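What follows is the content of data-v5.cif (mmCIF, C-alpha atoms).
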data_work
loop_
_atom_site.label_atom_id
_atom_site.label_comp_id
_atom_site.auth_asym_id
_atom_site.auth_seq_id
_atom_site.Cartn_x
_atom_site.Cartn_y
_atom_site.Cartn_z
CA MET A 1 -51.44 3.91 -25.65
CA SER A 2 -49.12 2.14 -23.27
CA PRO A 3 -46.19 0.02 -24.56
CA ILE A 4 -47.90 -3.19 -23.40
CA GLN A 5 -50.95 -2.37 -25.51
CA ILE A 6 -48.76 -1.77 -28.57
CA ILE A 7 -46.98 -5.11 -27.97
CA PHE A 8 -50.37 -6.80 -27.55
CA ILE A 9 -51.64 -5.45 -30.87
CA LEU A 10 -48.44 -6.36 -32.74
CA VAL A 11 -48.34 -9.91 -31.31
CA SER A 12 -52.06 -10.40 -31.95
CA ALA A 13 -51.68 -9.29 -35.57
CA ILE A 14 -48.78 -11.69 -36.12
CA THR A 15 -50.62 -14.57 -34.41
CA LEU A 16 -53.89 -14.07 -36.28
CA GLY A 17 -52.12 -13.51 -39.60
CA SER A 18 -50.12 -16.70 -39.30
CA ALA A 19 -53.24 -18.57 -38.12
CA LEU A 20 -54.97 -17.41 -41.31
CA MET A 21 -52.00 -18.71 -43.31
CA VAL A 22 -52.33 -22.08 -41.50
CA VAL A 23 -55.90 -22.55 -42.71
CA THR A 24 -55.44 -21.12 -46.23
CA THR A 25 -51.97 -22.04 -47.52
CA ARG A 26 -51.80 -24.93 -50.00
CA ASN A 27 -48.45 -26.43 -49.03
CA MET A 28 -48.85 -28.50 -45.84
CA VAL A 29 -45.24 -28.11 -44.70
CA ARG A 30 -45.59 -24.32 -44.90
CA ALA A 31 -48.89 -24.56 -43.00
CA ALA A 32 -47.07 -26.42 -40.20
CA LEU A 33 -44.35 -23.73 -40.06
CA TRP A 34 -47.02 -20.98 -39.92
CA LEU A 35 -48.60 -22.96 -37.07
CA VAL A 36 -45.29 -22.77 -35.19
CA LEU A 37 -45.25 -18.96 -35.56
CA SER A 38 -48.87 -18.74 -34.40
CA LEU A 39 -48.19 -20.90 -31.32
CA PHE A 40 -45.16 -18.74 -30.52
CA GLY A 41 -47.35 -15.63 -30.59
CA ILE A 42 -49.68 -17.29 -28.09
CA ALA A 43 -46.66 -18.01 -25.85
CA ILE A 44 -45.94 -14.25 -25.88
CA HIS A 45 -49.56 -13.63 -24.89
CA PHE A 46 -49.04 -15.94 -21.92
CA VAL A 47 -46.01 -13.84 -20.91
CA LEU A 48 -48.18 -10.69 -21.11
CA LEU A 49 -50.71 -12.44 -18.84
CA GLU A 50 -47.92 -13.03 -16.26
CA VAL A 51 -48.13 -16.81 -16.52
CA GLY A 52 -44.54 -17.48 -17.55
CA PHE A 53 -44.83 -21.18 -16.76
CA PHE A 54 -47.47 -21.60 -19.44
CA ALA A 55 -45.33 -19.69 -21.95
CA VAL A 56 -42.48 -22.18 -21.36
CA ALA A 57 -44.89 -25.12 -21.47
CA GLN A 58 -46.36 -23.75 -24.72
CA VAL A 59 -42.93 -23.64 -26.36
CA ILE A 60 -41.94 -27.10 -25.09
CA ILE A 61 -45.23 -28.97 -25.61
CA TYR A 62 -46.88 -27.26 -28.57
CA ILE A 63 -43.86 -26.14 -30.61
CA GLY A 64 -41.39 -28.79 -29.43
CA ALA A 65 -43.71 -31.80 -29.53
CA ILE A 66 -47.02 -31.22 -31.30
CA ALA A 67 -45.78 -29.12 -34.24
CA ILE A 68 -42.85 -31.49 -34.83
CA LEU A 69 -45.25 -34.45 -34.72
CA MET A 70 -47.41 -32.67 -37.32
CA ILE A 71 -44.38 -32.16 -39.59
CA PHE A 72 -43.49 -35.85 -39.24
CA ALA A 73 -47.06 -36.86 -40.16
CA ILE A 74 -46.95 -34.56 -43.22
CA MET A 75 -43.64 -36.05 -44.35
CA LEU A 76 -44.90 -39.63 -43.84
CA THR A 77 -47.95 -38.90 -46.02
CA ARG A 78 -45.97 -36.99 -48.62
CA ARG A 79 -48.17 -37.52 -51.70
CA ILE A 80 -50.69 -35.16 -50.09
CA ALA A 81 -48.13 -32.42 -49.40
CA GLN A 82 -48.03 -31.47 -53.08
CA ASP A 83 -51.64 -32.23 -53.97
CA PRO A 84 -52.37 -30.01 -57.03
CA GLY A 85 -56.15 -29.83 -56.53
CA PRO A 86 -58.03 -27.38 -54.29
CA GLN A 87 -57.23 -27.73 -50.60
CA THR A 88 -60.74 -26.86 -49.43
CA ASN A 89 -63.92 -28.90 -49.72
CA SER A 90 -67.06 -27.72 -51.48
CA THR A 91 -68.75 -26.34 -48.35
CA TRP A 92 -66.06 -23.78 -47.49
CA PRO A 93 -68.35 -20.71 -47.99
CA ILE A 94 -70.74 -22.10 -45.36
CA ALA A 95 -67.77 -22.70 -43.05
CA ALA A 96 -66.56 -19.11 -43.55
CA ILE A 97 -70.02 -17.68 -42.87
CA LEU A 98 -70.37 -19.86 -39.74
CA ALA A 99 -66.94 -18.81 -38.40
CA LEU A 100 -67.63 -15.12 -39.07
CA GLY A 101 -71.04 -15.44 -37.44
CA ILE A 102 -69.60 -17.00 -34.28
CA PHE A 103 -66.90 -14.30 -34.16
CA GLY A 104 -69.50 -11.54 -34.54
CA LEU A 105 -71.71 -13.10 -31.85
CA ILE A 106 -68.82 -13.30 -29.35
CA VAL A 107 -67.76 -9.69 -30.07
CA PHE A 108 -71.37 -8.57 -29.59
CA LEU A 109 -71.62 -10.43 -26.27
CA VAL A 110 -68.25 -9.09 -25.04
CA GLN A 111 -69.23 -5.50 -25.88
CA GLY A 112 -72.38 -5.77 -23.80
CA TRP A 113 -70.66 -7.25 -20.74
CA GLU A 114 -70.04 -4.84 -17.87
CA LYS A 115 -66.73 -6.46 -16.83
CA ALA A 116 -65.22 -6.31 -20.34
CA ALA A 117 -63.09 -3.20 -19.65
CA ILE A 118 -61.76 -4.53 -16.32
CA GLN A 119 -58.04 -4.04 -15.57
CA PRO A 120 -55.98 -6.68 -13.75
CA SER A 121 -55.06 -5.95 -10.14
CA PRO A 122 -51.38 -6.58 -9.31
CA PHE A 123 -50.47 -9.68 -7.34
CA PRO A 124 -50.21 -9.14 -3.54
CA ALA A 125 -46.68 -9.01 -2.12
CA GLY A 126 -45.20 -12.48 -1.63
CA TYR A 127 -47.87 -14.18 -3.77
CA ASP A 128 -46.37 -16.71 -6.19
CA PRO A 129 -49.00 -18.15 -8.59
CA LEU A 130 -46.68 -20.90 -9.81
CA ARG A 131 -46.12 -22.15 -6.26
CA GLU A 132 -49.88 -22.06 -5.64
CA LEU A 133 -50.45 -24.04 -8.86
CA GLY A 134 -47.93 -26.68 -7.78
CA VAL A 135 -49.56 -27.02 -4.36
CA ALA A 136 -53.05 -27.15 -5.89
CA LEU A 137 -52.07 -29.96 -8.27
CA VAL A 138 -50.86 -32.28 -5.49
CA SER A 139 -53.29 -31.46 -2.67
CA ALA A 140 -55.84 -34.21 -2.10
CA ASN A 141 -58.58 -31.69 -1.30
CA GLN A 142 -57.90 -29.61 -4.44
CA TYR A 143 -56.95 -30.98 -7.86
CA LEU A 144 -55.02 -34.21 -7.19
CA ILE A 145 -57.62 -36.50 -8.85
CA PRO A 146 -57.87 -34.51 -12.14
CA PHE A 147 -54.06 -34.35 -12.24
CA GLU A 148 -53.73 -38.13 -11.89
CA ILE A 149 -56.51 -38.73 -14.43
CA ALA A 150 -54.62 -36.50 -16.88
CA SER A 151 -51.54 -38.68 -16.45
CA ILE A 152 -53.60 -41.84 -17.08
CA LEU A 153 -55.08 -40.14 -20.18
CA LEU A 154 -51.57 -39.42 -21.48
CA LEU A 155 -50.52 -43.04 -20.87
CA ALA A 156 -53.65 -44.34 -22.63
CA ALA A 157 -52.99 -42.00 -25.58
CA LEU A 158 -49.37 -43.19 -25.76
CA ILE A 159 -50.35 -46.88 -25.84
CA GLY A 160 -53.29 -46.19 -28.15
CA ALA A 161 -51.13 -44.32 -30.65
CA ILE A 162 -48.63 -47.19 -30.74
CA ILE A 163 -51.37 -49.80 -31.25
CA ILE A 164 -53.16 -47.80 -33.96
CA ALA A 165 -50.04 -46.97 -35.96
CA TRP A 166 -48.59 -50.48 -35.61
CA ASP A 167 -47.80 -52.09 -38.95
CA LYS A 168 -48.96 -55.68 -38.44
CA LYS A 169 -47.26 -57.06 -41.56
CA MET B 1 -52.50 -2.71 -19.10
CA VAL B 2 -54.73 -4.33 -21.68
CA PRO B 3 -58.46 -4.58 -20.91
CA LEU B 4 -59.97 -8.05 -20.63
CA SER B 5 -62.14 -7.57 -23.72
CA TRP B 6 -59.06 -7.39 -25.98
CA TYR B 7 -58.03 -10.89 -24.93
CA LEU B 8 -61.59 -12.19 -25.39
CA ILE B 9 -61.86 -10.72 -28.90
CA PHE B 10 -58.41 -12.00 -29.84
CA ALA B 11 -59.33 -15.49 -28.63
CA ALA B 12 -62.66 -15.32 -30.47
CA ALA B 13 -60.88 -14.44 -33.72
CA LEU B 14 -58.37 -17.27 -33.25
CA PHE B 15 -61.18 -19.73 -32.45
CA SER B 16 -63.12 -18.68 -35.56
CA ILE B 17 -60.04 -19.11 -37.76
CA GLY B 18 -59.50 -22.59 -36.30
CA LEU B 19 -63.18 -23.45 -36.80
CA TYR B 20 -62.98 -22.36 -40.45
CA GLY B 21 -59.89 -24.54 -40.87
CA VAL B 22 -61.60 -27.58 -39.34
CA LEU B 23 -64.74 -27.20 -41.47
CA SER B 24 -63.15 -26.30 -44.80
CA ARG B 25 -59.83 -28.17 -45.20
CA LYS B 26 -59.67 -31.49 -47.03
CA ASN B 27 -56.41 -32.75 -45.55
CA ALA B 28 -56.83 -34.60 -42.24
CA VAL B 29 -53.58 -33.17 -40.81
CA ALA B 30 -54.82 -29.65 -41.63
CA ILE B 31 -58.04 -30.41 -39.75
CA LEU B 32 -55.94 -31.37 -36.69
CA MET B 33 -54.06 -28.07 -37.04
CA GLY B 34 -57.38 -26.23 -36.89
CA VAL B 35 -58.28 -28.13 -33.72
CA GLU B 36 -54.94 -27.05 -32.20
CA LEU B 37 -55.73 -23.40 -32.96
CA MET B 38 -59.14 -23.73 -31.31
CA LEU B 39 -57.65 -25.34 -28.19
CA ASN B 40 -55.09 -22.53 -27.97
CA ALA B 41 -57.83 -19.91 -28.18
CA VAL B 42 -59.61 -21.62 -25.29
CA ASN B 43 -56.38 -21.64 -23.29
CA VAL B 44 -55.87 -17.89 -23.85
CA ASN B 45 -59.42 -17.31 -22.63
CA LEU B 46 -58.98 -19.50 -19.53
CA LEU B 47 -55.74 -17.81 -18.49
CA ALA B 48 -57.09 -14.29 -19.22
CA PHE B 49 -60.15 -14.93 -17.03
CA TRP B 50 -57.88 -16.38 -14.34
CA ARG B 51 -55.57 -13.33 -14.37
CA TYR B 52 -58.30 -10.68 -14.51
CA LEU B 53 -61.04 -12.13 -12.31
CA THR B 54 -59.91 -14.93 -9.96
CA PHE B 55 -56.14 -14.90 -9.65
CA ASP B 56 -56.39 -15.93 -5.98
CA LYS B 57 -57.95 -19.30 -6.96
CA MET B 58 -56.19 -21.94 -9.04
CA ALA B 59 -59.09 -23.41 -11.04
CA GLY B 60 -58.30 -21.47 -14.23
CA GLN B 61 -54.65 -22.51 -14.33
CA VAL B 62 -55.43 -26.14 -13.48
CA PHE B 63 -57.99 -26.20 -16.28
CA ALA B 64 -55.37 -24.84 -18.69
CA VAL B 65 -52.93 -27.60 -17.62
CA ILE B 66 -55.60 -30.23 -18.33
CA VAL B 67 -56.25 -28.66 -21.76
CA PHE B 68 -52.52 -29.00 -22.50
CA ALA B 69 -52.59 -32.71 -21.59
CA VAL B 70 -55.76 -33.34 -23.62
CA ALA B 71 -54.30 -31.50 -26.64
CA ALA B 72 -51.13 -33.61 -26.49
CA SER B 73 -53.07 -36.91 -26.31
CA GLU B 74 -55.52 -35.79 -29.01
CA VAL B 75 -52.78 -34.98 -31.49
CA ALA B 76 -50.86 -38.20 -30.74
CA VAL B 77 -53.90 -40.43 -31.34
CA GLY B 78 -55.10 -38.31 -34.26
CA LEU B 79 -51.81 -38.49 -36.14
CA ALA B 80 -51.57 -42.23 -35.46
CA LEU B 81 -55.03 -42.59 -37.05
CA VAL B 82 -53.92 -40.46 -40.02
CA ILE B 83 -50.86 -42.64 -40.60
CA SER B 84 -52.91 -45.83 -40.21
CA VAL B 85 -55.51 -44.59 -42.72
CA TYR B 86 -52.79 -43.51 -45.15
CA ARG B 87 -51.24 -46.97 -45.01
CA ARG B 88 -54.52 -48.67 -45.93
CA ARG B 89 -56.09 -46.17 -48.37
CA GLN B 90 -53.03 -44.24 -49.71
CA SER B 91 -54.96 -41.02 -48.97
CA ILE B 92 -55.67 -38.71 -46.04
CA VAL B 93 -58.28 -36.56 -47.80
CA ALA B 94 -61.25 -36.54 -45.44
CA ASP B 95 -63.79 -36.84 -48.27
CA GLU B 96 -62.23 -40.09 -49.49
CA ILE B 97 -62.30 -41.78 -46.06
CA ASN B 98 -65.93 -42.83 -46.45
CA LEU B 99 -65.95 -46.58 -45.75
CA LEU B 100 -68.30 -46.17 -42.76
CA LYS B 101 -70.92 -44.40 -44.91
CA TYR B 102 -72.07 -47.59 -46.64
#
Spit out the file's structure as structure tokens when you get a sec.
Amino acid sequence: MSPIQIIFILVSAITLGSALMVVTTRNMVRAALWLVLSLFGIAIHFVLLEVGFFAVAQVIIYIGAIAILMIFAIMLTRRIAQDPGPQTNSTWPIAAILALGIFGLIVFLVQGWEKAAIQPSPFPAGYDPLRELGVALVSANQYLIPFEIASILLLAALIGAIIIAWDKK
Amino acid sequence: MVPLSWYLIFAAALFSIGLYGVLSRKNAVAILMGVELMLNAVNVNLLAFWRYLTFDKMAGQVFAVIVFAVAASEVAVGLALVISVYRRRQSIVADEINLLKY
């Protein structure tokens, strides 16, 4: 086994273990901290995939913004954080069976796919994916329109969040 | 290097964990956390397919950027809704937010 495969297995185990803690732990603040660890593991996966830009964006956007926002929401609704009752609803066995079934179906489909064992080919000399991504996002004949729509979506979400959370009294 | 199937199975496991969280948790913030895990699993899949199959085209990476933007807006609006509901009902348990049922 190569060192990269060992790193992959270790990081995957940490990520999946902390993701399981996110969905099972009772204390919401601890769930948010497990979510941070899980998102960090995914950032390491992005490094292994040679997309360093996405690893940095993952740390800044998901851990720096989204996870902190979650912790703020948990603290603002603090009666729930120490709710003594069960943290799952009555249909959780059906949810577990459904999730396991979808996982088994995907594993079955991946095993039967002829490209599943493919290895990545190295980038050609002088090829910079990050530069290509930047050019693609601002070229009118590539992805300029989706990029601008994403910015409008973010603005709409910003204004919408302010309006919804506004205390009118 | 790692074969592509390892990434696909890892992402499938992460997606299933997130799906279980969304379907089984009572707390609305915990449901949003499950959605975040599912979106991350999709992002891992998108970037793995981009790296292994079509790294000379940019569609996979652009799609992942859009997923990032959608995840950020989703969590901002979702948490604003949670805080608004908490202010009116003093609860964010999804079972108790049932005003639209009647």
Quick check on the file I pasted: which residues fall under the PyMOL selection byres ((chain A) within 7 of (chain B))? Write them as a short mmCIF file (atom, residue, chain, number, x, y, z; two decimals) with C-alpha atoms, in the coordinates of the input.
data_model
loop_
_atom_site.label_atom_id
_atom_site.label_comp_id
_atom_site.auth_asym_id
_atom_site.auth_seq_id
_atom_site.Cartn_x
_atom_site.Cartn_y
_atom_site.Cartn_z
CA ILE A 4 -47.90 -3.19 -23.40
CA GLN A 5 -50.95 -2.37 -25.51
CA SER A 12 -52.06 -10.40 -31.95
CA LEU A 16 -53.89 -14.07 -36.28
CA ALA A 19 -53.24 -18.57 -38.12
CA LEU A 20 -54.97 -17.41 -41.31
CA VAL A 23 -55.90 -22.55 -42.71
CA LEU A 49 -50.71 -12.44 -18.84
CA ILE A 66 -47.02 -31.22 -31.30
CA ALA A 73 -47.06 -36.86 -40.16
CA THR A 77 -47.95 -38.90 -46.02
CA GLN A 87 -57.23 -27.73 -50.60
CA THR A 88 -60.74 -26.86 -49.43
CA ASN A 89 -63.92 -28.90 -49.72
CA THR A 91 -68.75 -26.34 -48.35
CA TRP A 92 -66.06 -23.78 -47.49
CA ALA A 95 -67.77 -22.70 -43.05
CA ALA A 96 -66.56 -19.11 -43.55
CA ALA A 99 -66.94 -18.81 -38.40
CA LEU A 100 -67.63 -15.12 -39.07
CA ILE A 102 -69.60 -17.00 -34.28
CA PHE A 103 -66.90 -14.30 -34.16
CA ILE A 106 -68.82 -13.30 -29.35
CA VAL A 107 -67.76 -9.69 -30.07
CA VAL A 110 -68.25 -9.09 -25.04
CA ALA A 116 -65.22 -6.31 -20.34
CA ALA A 117 -63.09 -3.20 -19.65
CA ILE A 118 -61.76 -4.53 -16.32
CA GLN A 119 -58.04 -4.04 -15.57
CA PRO A 120 -55.98 -6.68 -13.75
CA LEU A 133 -50.45 -24.04 -8.86
CA ALA A 136 -53.05 -27.15 -5.89
CA ALA A 150 -54.62 -36.50 -16.88
CA LEU A 154 -51.57 -39.42 -21.48
CA ALA A 157 -52.99 -42.00 -25.58
CA GLY A 160 -53.29 -46.19 -28.15
CA ALA A 161 -51.13 -44.32 -30.65
CA ILE A 164 -53.16 -47.80 -33.96
CA ALA A 165 -50.04 -46.97 -35.96
#
So for region 17-36 of chain B, what box centre and size do we get, axis-aligned, 5 Å extra on each of the six sides, every listed atom, Å to one decimal, as lines of an AutoDock Vina configuration file?
center_x = -59.2
center_y = -26.9
center_z = -39.6
size_x = 21.2
size_y = 25.5
size_z = 24.8
>> What's the separation between CA of Val56 (chain A) and CA of Ile159 (chain A), in Å to one decimal place?
In response: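 Computed distance, CA of Val56 (chain A) to CA of Ile159 (chain A), equals 26.3 Å.
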> What is the distance between CA of Phe147 (chain A) and CA of Glu50 (chain A), in Å to one decimal?
Replying inline: 22.5 Å
> In Å, how far is it from CA of Pro3 (chain A) to CA of Glu132 (chain A)?
Replying inline: 29.3 Å
Picked residues, the PyMOL selection byres ((chain A and resi 27-42) around 6), as an mmCIF file with C-alpha atoms, keeping the file's coordinate frame:
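Once written, result.cif looks like this:
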data_model
loop_
_atom_site.group_PDB
_atom_site.id
_atom_site.type_symbol
_atom_site.label_atom_id
_atom_site.label_comp_id
_atom_site.auth_asym_id
_atom_site.auth_seq_id
_atom_site.Cartn_x
_atom_site.Cartn_y
_atom_site.Cartn_z
ATOM 1 C CA VAL A 11 -48.340 -9.910 -31.310
ATOM 2 C CA THR A 15 -50.620 -14.570 -34.410
ATOM 3 C CA SER A 18 -50.120 -16.700 -39.300
ATOM 4 C CA ALA A 19 -53.240 -18.570 -38.120
ATOM 5 C CA VAL A 22 -52.330 -22.080 -41.500
ATOM 6 C CA THR A 25 -51.970 -22.040 -47.520
ATOM 7 C CA ARG A 26 -51.800 -24.930 -50.000
ATOM 8 C CA ALA A 43 -46.660 -18.010 -25.850
ATOM 9 C CA ILE A 44 -45.940 -14.250 -25.880
ATOM 10 C CA HIS A 45 -49.560 -13.630 -24.890
ATOM 11 C CA ILE A 63 -43.860 -26.140 -30.610
ATOM 12 C CA ALA A 81 -48.130 -32.420 -49.400
#
